[in-house]
$ cat start-v4.txt   # compact mmCIF, C-alpha atoms (C1' of nucleotides)
# COMPACT_ATOMS: atom_id res chain seq x y z
CA MET X 130 129.86 109.10 106.00
CA ASN X 131 129.62 106.48 108.71
CA ILE X 132 126.40 104.82 109.71
CA GLY X 133 125.82 107.15 112.64
CA ASP X 134 125.97 110.23 110.42
CA VAL X 135 123.57 108.86 107.89
CA ALA X 136 121.30 107.67 110.69
CA LYS X 137 121.08 111.23 111.95
CA LEU X 138 120.52 112.61 108.47
CA SER X 139 117.83 110.14 107.50
CA GLY X 140 116.19 109.79 110.89
CA LEU X 141 116.46 106.02 110.70
CA PRO X 142 118.10 103.97 113.49
CA ALA X 143 121.48 102.49 112.57
CA LYS X 144 120.03 99.02 113.16
CA THR X 145 117.38 99.65 110.58
CA ILE X 146 119.93 100.87 108.06
CA ARG X 147 121.98 97.71 108.52
CA TYR X 148 118.81 95.75 108.04
CA TYR X 149 118.05 97.67 104.84
CA GLU X 150 121.51 96.73 103.60
CA ASP X 151 120.83 93.09 104.48
CA ILE X 152 117.75 93.05 102.33
CA GLY X 153 119.43 94.93 99.52
CA LEU X 154 117.67 98.27 99.69
CA VAL X 155 120.92 100.15 100.00
CA ARG X 156 124.51 99.17 99.18
CA PRO X 157 127.06 101.30 100.99
CA LEU X 158 130.77 100.94 100.29
CA ARG X 159 133.21 99.65 102.89
CA GLY X 160 136.26 101.40 104.26
CA SER X 161 139.55 99.62 104.98
CA ASN X 162 138.52 99.31 108.61
CA GLY X 163 135.34 97.44 107.65
CA TYR X 164 133.09 100.38 108.42
CA ARG X 165 130.25 101.11 106.04
CA THR X 166 130.81 104.22 103.97
CA PHE X 167 127.70 105.99 102.77
CA ARG X 168 127.64 108.33 99.80
CA GLU X 169 125.30 111.28 99.43
CA SER X 170 123.14 109.15 97.17
CA ASP X 171 122.84 106.49 99.88
CA ALA X 172 121.75 109.11 102.38
CA HIS X 173 119.13 110.34 99.94
CA LYS X 174 117.88 106.84 99.34
CA LEU X 175 117.56 106.21 103.05
CA ALA X 176 115.65 109.44 103.58
CA PHE X 177 113.41 108.46 100.69
CA LEU X 178 112.84 105.08 102.33
CA GLY X 179 112.04 106.68 105.66
CA ARG X 180 109.38 108.85 104.08
CA ALA X 181 107.86 106.09 102.03
CA ARG X 182 107.71 103.84 105.11
CA ALA X 183 106.12 106.66 107.09
CA LEU X 184 103.41 106.73 104.43
CA GLY X 185 102.86 103.07 105.16
CA PHE X 186 104.42 101.56 102.05
CA SER X 187 105.64 98.03 102.63
CA ILE X 188 109.30 97.20 102.13
CA GLU X 189 108.46 95.64 98.79
CA GLY X 190 106.48 98.72 97.86
CA CYS X 191 109.48 100.83 98.79
CA ARG X 192 111.72 98.65 96.69
CA SER X 193 109.49 99.23 93.67
CA LEU X 194 109.30 102.96 94.28
CA LEU X 195 113.05 103.11 94.70
CA LYS X 196 113.58 101.35 91.40
CA LEU X 197 111.25 103.80 89.70
CA TYR X 198 112.94 106.66 91.50
CA GLU X 199 116.28 105.64 90.07
CA ASP X 200 114.93 105.07 86.60
CA THR X 201 114.67 108.60 85.27
CA ASP X 202 112.88 107.31 82.18
CA ARG X 203 109.99 105.68 83.99
CA ALA X 204 106.43 106.73 83.24
CA SER X 205 104.72 108.48 86.12
CA ALA X 206 101.71 106.23 85.47
CA GLU X 207 103.55 103.33 87.07
CA VAL X 208 104.30 105.30 90.21
CA LYS X 209 100.74 106.52 90.36
CA ARG X 210 99.46 102.99 90.06
CA ILE X 211 101.54 101.82 93.02
CA ALA X 212 100.45 104.81 95.09
CA GLU X 213 96.81 104.27 94.19
CA GLU X 214 96.97 100.62 95.14
CA HIS X 215 98.44 101.65 98.44
CA LEU X 216 95.74 104.24 98.89
CA GLU X 217 93.15 101.51 98.44
CA ARG X 218 94.78 99.37 101.09
CA ILE X 219 94.79 102.33 103.45
CA ASP X 220 91.10 102.95 102.79
CA GLN X 221 90.37 99.30 103.37
CA LYS X 222 92.22 99.36 106.67
CA ILE X 223 90.51 102.56 107.76
CA SER X 224 87.07 101.16 107.12
CA GLU X 225 87.88 97.93 108.96
CA LEU X 226 89.09 99.91 111.93
CA THR X 227 86.10 102.21 111.80
CA GLU X 228 83.77 99.26 111.91
CA MET X 229 85.66 97.74 114.83
CA ARG X 230 85.56 101.06 116.57
CA ALA X 231 81.80 101.36 116.19
CA THR X 232 81.16 97.86 117.54
CA LEU X 233 83.49 98.30 120.45
CA ALA X 234 82.24 101.80 121.29
CA HIS X 235 78.72 100.46 121.36
CA LEU X 236 79.75 97.73 123.78
CA VAL X 237 81.70 100.07 126.01
CA ASP X 238 78.73 102.38 126.08
CA ALA X 239 76.43 99.60 127.20
CA CYS X 240 78.70 98.58 130.08
CA ASN X 241 78.14 100.11 133.48
CA GLY X 242 81.75 99.74 134.39
CA ASP X 243 81.06 99.32 138.06
CA HIS X 244 81.86 96.73 140.71
CA ARG X 245 79.07 94.39 139.64
CA PRO X 246 79.92 91.38 137.54
CA ASP X 247 77.41 91.60 134.70
CA CYS X 248 79.12 93.01 131.65
CA PRO X 249 77.58 93.35 128.18
CA ILE X 250 81.02 93.38 126.59
CA LEU X 251 81.80 89.86 127.76
CA THR X 252 78.26 88.69 127.13
CA ASP X 253 78.47 89.86 123.57
CA LEU X 254 81.89 88.35 122.95
CA ALA X 255 80.57 85.08 124.33
CA THR X 256 77.42 84.93 122.23
CA ALA X 257 77.53 87.32 119.28
CA GLN X 258 76.23 86.04 115.98
CA GLN X 259 77.42 87.38 112.64
CA GLU X 260 75.35 90.56 112.66
CA ASP X 261 74.54 91.30 116.22
CA ILE X 262 74.64 94.87 117.35
CA MET T 725 84.88 67.02 119.33
CA ASN T 726 87.97 66.84 117.14
CA ILE T 727 89.87 69.88 116.00
CA GLY T 728 88.13 69.96 112.63
CA ASP T 729 84.70 70.16 114.24
CA VAL T 730 85.65 72.94 116.60
CA ALA T 731 87.38 74.74 113.75
CA LYS T 732 84.12 74.77 111.82
CA LEU T 733 82.14 75.84 114.88
CA SER T 734 84.46 78.64 115.87
CA GLY T 735 85.47 79.75 112.40
CA LEU T 736 89.15 79.52 113.34
CA PRO T 737 91.64 77.49 111.26
CA ALA T 738 92.84 74.28 112.93
CA LYS T 739 96.38 75.62 112.78
CA THR T 740 95.36 78.64 114.78
CA ILE T 741 93.63 76.49 117.38
CA ARG T 742 96.78 74.40 117.81
CA TYR T 743 98.69 77.62 118.19
CA TYR T 744 96.25 78.85 120.82
CA GLU T 745 96.83 75.64 122.72
CA ASP T 746 100.60 76.16 122.46
CA ILE T 747 100.34 79.55 124.07
CA GLY T 748 97.92 78.32 126.71
CA LEU T 749 94.72 80.05 125.64
CA VAL T 750 92.82 76.79 125.48
CA ARG T 751 93.54 73.37 127.01
CA PRO T 752 91.71 70.57 125.23
CA LEU T 753 91.86 67.00 126.53
CA ARG T 754 93.54 64.21 124.61
CA GLY T 755 91.97 60.97 123.41
CA SER T 756 93.78 57.63 123.54
CA ASN T 757 94.77 58.10 119.90
CA GLY T 758 96.51 61.36 120.71
CA TYR T 759 93.83 63.48 119.07
CA ARG T 760 92.75 66.64 120.82
CA THR T 761 89.29 66.40 122.36
CA PHE T 762 87.41 69.66 122.73
CA ARG T 763 84.58 70.16 125.17
CA GLU T 764 81.68 72.53 124.64
CA SER T 765 83.41 75.01 126.90
CA ASP T 766 86.52 74.89 124.72
CA ALA T 767 84.42 75.57 121.65
CA HIS T 768 82.86 78.54 123.40
CA LYS T 769 86.21 79.87 124.42
CA LEU T 770 87.52 79.60 120.89
CA ALA T 771 84.49 81.40 119.49
CA PHE T 772 85.00 84.07 122.14
CA LEU T 773 88.62 84.38 121.08
CA GLY T 774 87.68 84.63 117.42
CA ARG T 775 85.33 87.50 118.14
CA ALA T 776 87.73 89.34 120.39
CA ARG T 777 90.50 88.99 117.79
CA ALA T 778 88.13 90.24 115.10
CA LEU T 779 87.66 93.34 117.22
CA GLY T 780 91.40 93.77 117.11
CA PHE T 781 92.27 92.75 120.67
CA SER T 782 95.81 91.44 120.94
CA ILE T 783 96.43 87.90 122.15
CA GLU T 784 97.39 89.27 125.54
CA GLY T 785 94.24 91.38 125.58
CA CYS T 786 92.27 88.26 124.77
CA ARG T 787 93.97 86.41 127.57
CA SER T 788 92.91 89.09 130.01
CA LEU T 789 89.36 89.16 128.71
CA LEU T 790 89.17 85.40 128.88
CA LYS T 791 90.29 85.41 132.48
CA LEU T 792 87.65 87.98 133.32
CA TYR T 793 85.11 86.04 131.31
CA GLU T 794 85.77 82.98 133.42
CA ASP T 795 85.74 84.87 136.69
CA THR T 796 82.04 85.34 137.34
CA ASP T 797 82.86 87.64 140.25
CA ARG T 798 84.83 90.18 138.26
CA ALA T 799 83.80 93.80 138.23
CA SER T 800 82.61 95.05 134.87
CA ALA T 801 84.78 98.12 135.41
CA GLU T 802 87.89 96.05 134.70
CA VAL T 803 86.49 94.80 131.42
CA LYS T 804 85.40 98.28 130.46
CA ARG T 805 88.86 99.60 131.19
CA ILE T 806 90.48 97.07 128.87
CA ALA T 807 87.94 97.80 126.15
CA GLU T 808 88.41 101.54 126.50
CA GLU T 809 92.16 101.25 126.27
CA HIS T 810 91.71 99.24 123.13
CA LEU T 811 89.31 101.83 121.77
CA GLU T 812 91.97 104.45 122.26
CA ARG T 813 94.51 102.41 120.34
CA ILE T 814 92.01 102.01 117.52
CA ASP T 815 91.38 105.75 117.43
CA GLN T 816 95.09 106.39 117.38
CA LYS T 817 95.55 104.00 114.48
CA ILE T 818 92.63 105.50 112.56
CA SER T 819 93.98 109.00 112.85
CA GLU T 820 97.46 107.90 111.75
CA LEU T 821 96.00 106.18 108.74
CA THR T 822 93.78 109.13 107.95
CA GLU T 823 96.76 111.43 107.94
CA MET T 824 98.70 109.08 105.68
CA ARG T 825 95.72 108.85 103.41
CA ALA T 826 95.46 112.61 103.08
CA THR T 827 99.14 113.02 102.24
CA LEU T 828 99.14 110.22 99.74
CA ALA T 829 95.86 111.26 98.13
CA HIS T 830 97.28 114.72 97.65
CA LEU T 831 100.34 113.30 95.94
CA VAL T 832 98.34 110.96 93.74
CA ASP T 833 96.17 113.87 92.75
CA ALA T 834 99.13 115.93 91.73
CA CYS T 835 100.55 113.19 89.53
CA ASN T 836 99.61 113.12 85.86
CA GLY T 837 100.02 109.39 85.68
CA ASP T 838 101.07 109.43 82.05
CA HIS T 839 104.03 108.21 80.05
CA ARG T 840 106.21 111.14 81.00
CA PRO T 841 108.84 110.66 83.68
CA ASP T 842 108.24 113.64 85.94
CA CYS T 843 106.30 112.50 88.96
CA PRO T 844 105.44 114.62 91.99
CA ILE T 845 105.05 111.53 94.14
CA LEU T 846 108.69 110.58 93.75
CA THR T 847 109.84 114.17 93.90
CA ASP T 848 108.10 114.59 97.20
CA LEU T 849 109.39 111.35 98.66
CA ALA T 850 112.87 112.41 97.64
CA THR T 851 112.78 115.88 99.13
CA ALA T 852 109.94 116.33 101.61
CA GLN T 853 110.68 118.21 104.79
CA GLN T 854 108.78 117.69 108.02
CA GLU T 855 105.67 119.67 107.12
CA ASP T 856 105.49 119.77 103.41
CA ILE T 857 102.11 119.47 101.76
C1' DT S 8 90.45 42.61 103.49
C1' DA S 9 92.96 46.08 101.20
C1' DT S 10 93.45 50.46 100.18
C1' DT S 11 92.30 55.07 99.36
C1' DG S 12 91.46 59.53 101.19
C1' DA S 13 90.32 62.47 104.86
C1' DC S 14 91.80 63.75 109.20
C1' DC S 15 94.92 63.93 112.86
C1' DT S 16 99.79 64.41 114.99
C1' DT S 17 104.48 66.87 115.63
C1' DC S 18 108.13 69.69 114.17
C1' DC S 19 110.57 73.05 111.49
C1' DA S 20 110.76 77.10 108.83
C1' DG S 21 109.06 81.39 107.05
C1' DT S 22 106.33 85.67 107.16
C1' DT S 23 106.97 91.51 108.24
C1' DG S 24 109.96 94.88 109.78
C1' DG S 25 112.58 95.40 112.56
C1' DT S 26 114.80 95.52 117.87
C1' DG S 27 117.95 94.03 121.73
C1' DG S 28 122.03 92.38 123.27
C1' DA S 29 126.68 90.12 123.43
C1' DA S 30 131.41 89.97 122.07
C1' DG S 31 134.85 92.19 120.03
C1' DC S 32 137.14 95.74 116.81
C1' DT S 33 138.61 100.94 115.92
C1' DT S 34 138.70 105.57 116.69
C1' DT S 35 138.58 109.66 119.36
C1' DA S 36 139.09 112.31 123.43
C1' DT S 37 141.07 113.14 127.69
C1' DA V 882 147.17 105.22 128.82
C1' DT V 883 142.76 104.49 129.06
C1' DA V 884 138.08 105.19 128.75
C1' DA V 885 134.16 106.18 126.04
C1' DA V 886 131.94 106.19 121.86
C1' DG V 887 131.15 104.12 117.62
C1' DC V 888 131.60 100.44 114.59
C1' DT V 889 131.39 95.24 113.30
C1' DT V 890 128.94 90.52 113.16
C1' DC V 891 125.87 87.23 114.85
C1' DC V 892 122.06 85.33 117.24
C1' DA V 893 117.72 85.64 119.29
C1' DC V 894 113.25 87.65 119.82
C1' DC V 895 108.51 90.23 119.01
C1' DA V 896 103.16 89.19 116.98
C1' DA V 897 100.23 85.96 115.30
C1' DC V 898 100.10 83.01 112.72
C1' DT V 899 100.81 79.97 108.06
C1' DG V 900 102.84 76.34 105.08
C1' DG V 901 104.69 72.09 104.48
C1' DA V 902 106.90 67.60 105.45
C1' DA V 903 106.65 63.12 107.52
C1' DG V 904 103.94 60.07 109.57
C1' DG V 905 99.88 57.89 112.48
C1' DT V 906 94.57 56.97 112.47
C1' DC V 907 90.01 56.43 110.99
C1' DA V 908 85.91 55.73 107.91
C1' DA V 909 84.29 54.17 103.64
C1' DT V 910 84.48 51.83 99.51
C1' DA V 911 86.02 47.99 96.10
$ encode --input "start-v4.txt" --output "structure tokens"
Amino acid sequence: MNIGDVAKLSGLPAKTIRYYEDIGLVRPLRGSNGYRTFRESDAHKLAFLGRARALGFSIEGCRSLLKLYEDTDRASAEVKRIAEEHLERIDQKISELTEMRATLAHLVDACNGDHRPDCPILTDLATAQQEDI
Amino acid sequence: MNIGDVAKLSGLPAKTIRYYEDIGLVRPLRGSNGYRTFRESDAHKLAFLGRARALGFSIEGCRSLLKLYEDTDRASAEVKRIAEEHLERIDQKISELTEMRATLAHLVDACNGDHRPDCPILTDLATAQQEDI
DNA sequence: TATTGACCTTCCAGTTGGTGGAAGCTTTAT
DNA sequence: ATAAAGCTTCCACCAACTGGAAGGTCAATA
């Protein structure tokens, strides 16, 4: 399989696949013409990577998962631990964003949004203390 | 004021303040010794930037807000528009993360997390179709 | 006065996870 | 024969900083 085929199969751009080779996530063979040759197992790995990335795992997280994926003897506890840590980071991020959202929504609400210059959004950004709204 | 003072006042690291000067967000004077000299207005600007960044505005968003902040004739509608656009991006991000969270939580739930090798998390990552759980 | 330590300067490199483009092969189709 | 598509490498760039090296300056203490 050439890179274009595996790109279609995995849904990842060819550029990204080359990048994943660069950083050692996948190691395709090479044909006599210098083209990368991907095996079935490479295609599977790349699809796996695409899904893990779509779930927000970092590249290093993916690398760990991939190692565990290839180690058929691993304990599922290890995988669960990684996933749970990631879940915590997601929760953290969600609550940060939710707080931001609340603050900003409050400001937007308070702003007339007309042609006049007085704007509570700017006033707040200019003067807010730690706990202000 | 030297950079250390304004760093304390604004809560931004000195490195970040230098960076903000590099990209033209703030333009401190220079003393005869080459040290940056910050006016009150610079300190205010930096605090403004810190707050806007904490609300998740991009640097370019901050640049726009700062321009509007300094233009006492601006219409509040323009500010509101920028804030509303940002609010939409936040909502978008929150819903993406929430979806991720649900998928991952489901997988974590299904995993025994013991010493045995079979792990639904990996199985799913390896085989999931578009709409799978 | 000497010197230590804190503070300041610039510059270069690295982070994360790719993306865009140029220059130049090879292969495939017409 | 030639054009188009697909492949290669390499280099540069994005956001938004952060870390560190090498060196100048300033304030305080011995």
$ atom_distance --input "start-v4.txt" --atom1 "C1' of DC895 (chain V)" --atom2 "C1' of DG28 (chain S)"
14.3 Å
$ closest_atom_pairs --input "start-v4.txt" --of "chain X" --to "chain V" --cutoff "8 Å" --atoms "only C-alpha atoms (C1' of nucleotides)" --output "Markdown table"
| residue | atom | partner | partner_atom | distance |
| --- | --- | --- | --- | --- |
| X:Gly133 | CA | V:DG887 | C1' | 7.9 |
| X:Gly163 | CA | V:DT889 | C1' | 7.2 |
| X:Tyr164 | CA | V:DC888 | C1' | 6.3 |
$ residues_around --input "start-v4.txt" --residues "Asp202 (chain X)" --least-positions-apart "4" --cutoff "10 Å" --atoms "all atoms listed in the file" --output "VMD selection string"
(chain X and resid 197 to 198) or (chain T and resid 839 to 842)
$ closest_atom_pairs --input "start-v4.txt" --of "chain X" --to "chain T" --cutoff "8 Å" --atoms "all atoms listed in the file" --output "tab-separated table"
residue	atom	partner	partner_atom	distance
X:His173	CA	T:Ala850	CA	7.0
X:Lys174	CA	T:Ala850	CA	7.7
X:Ala176	CA	T:Ala850	CA	7.2
X:Phe177	CA	T:Ala850	CA	5.0
X:Arg180	CA	T:Leu849	CA	6.0
X:Ala181	CA	T:Leu849	CA	6.4
X:Ala183	CA	T:Met824	CA	7.9
X:Leu184	CA	T:Met824	CA	5.4
X:Gly185	CA	T:Met824	CA	7.3
X:Leu194	CA	T:Leu846	CA	7.7
X:Tyr198	CA	T:Leu846	CA	6.2
X:Thr201	CA	T:Pro841	CA	6.4
X:Asp202	CA	T:Pro841	CA	5.5
X:Arg203	CA	T:Pro841	CA	5.1
X:Ala204	CA	T:His839	CA	4.3
X:Ser205	CA	T:Gly837	CA	4.8
X:Ala206	CA	T:Gly837	CA	3.6
X:Glu207	CA	T:Gly837	CA	7.1
X:Val208	CA	T:Ile845	CA	7.4
X:Lys209	CA	T:Gly837	CA	5.5
X:Arg210	CA	T:Gly837	CA	7.8
X:Ala212	CA	T:Val832	CA	6.6
X:Glu213	CA	T:Val832	CA	6.9
X:Leu216	CA	T:Arg825	CA	6.5
X:Ile219	CA	T:Arg825	CA	6.6
X:Asp220	CA	T:Arg825	CA	7.5
X:Ile223	CA	T:Ile818	CA	6.0
X:Leu226	CA	T:Ile818	CA	6.6
X:Thr227	CA	T:Ile818	CA	7.4
X:Met229	CA	T:Leu779	CA	5.4
X:Arg230	CA	T:Leu811	CA	6.5
X:Thr232	CA	T:Leu779	CA	7.9
X:Leu233	CA	T:Leu811	CA	6.9
X:Ala234	CA	T:Leu811	CA	7.1
X:Val237	CA	T:Lys804	CA	6.1
X:Cys240	CA	T:Lys804	CA	6.7
X:Asn241	CA	T:Ser800	CA	6.9
X:Gly242	CA	T:Ala801	CA	3.6
X:Asp243	CA	T:Ala801	CA	4.7
X:His244	CA	T:Ala799	CA	4.3
X:Arg245	CA	T:Ala799	CA	5.0
X:Pro246	CA	T:Ala799	CA	4.6
X:Asp247	CA	T:Ser800	CA	6.2
X:Cys248	CA	T:Ser800	CA	5.2
X:Ile250	CA	T:Val803	CA	7.4
X:Leu251	CA	T:Tyr793	CA	6.2
X:Leu254	CA	T:Phe772	CA	5.4
X:Ala255	CA	T:Phe772	CA	5.0
X:Thr256	CA	T:Phe772	CA	7.6
X:Ala257	CA	T:Arg775	CA	7.9
$ closest_atom_pairs --input "start-v4.txt" --of "chain S" --to "chain X" --cutoff "9 Å" --atoms "only C-alpha atoms (C1' of nucleotides)" --output "JSON lines"
{"residue": "S:DT23", "atom": "C1'", "partner": "X:Ile188", "partner_atom": "CA", "distance": 8.7}
{"residue": "S:DG24", "atom": "C1'", "partner": "X:Ile188", "partner_atom": "CA", "distance": 8.0}
{"residue": "S:DG25", "atom": "C1'", "partner": "X:Thr145", "partner_atom": "CA", "distance": 6.7}
{"residue": "S:DT26", "atom": "C1'", "partner": "X:Lys144", "partner_atom": "CA", "distance": 7.9}
{"residue": "S:DT33", "atom": "C1'", "partner": "X:Asn162", "partner_atom": "CA", "distance": 7.5}
$ calpha_fit_rmsd --input "start-v4.txt" --fixed "chain T" --moving "chain X"
0.2 Å
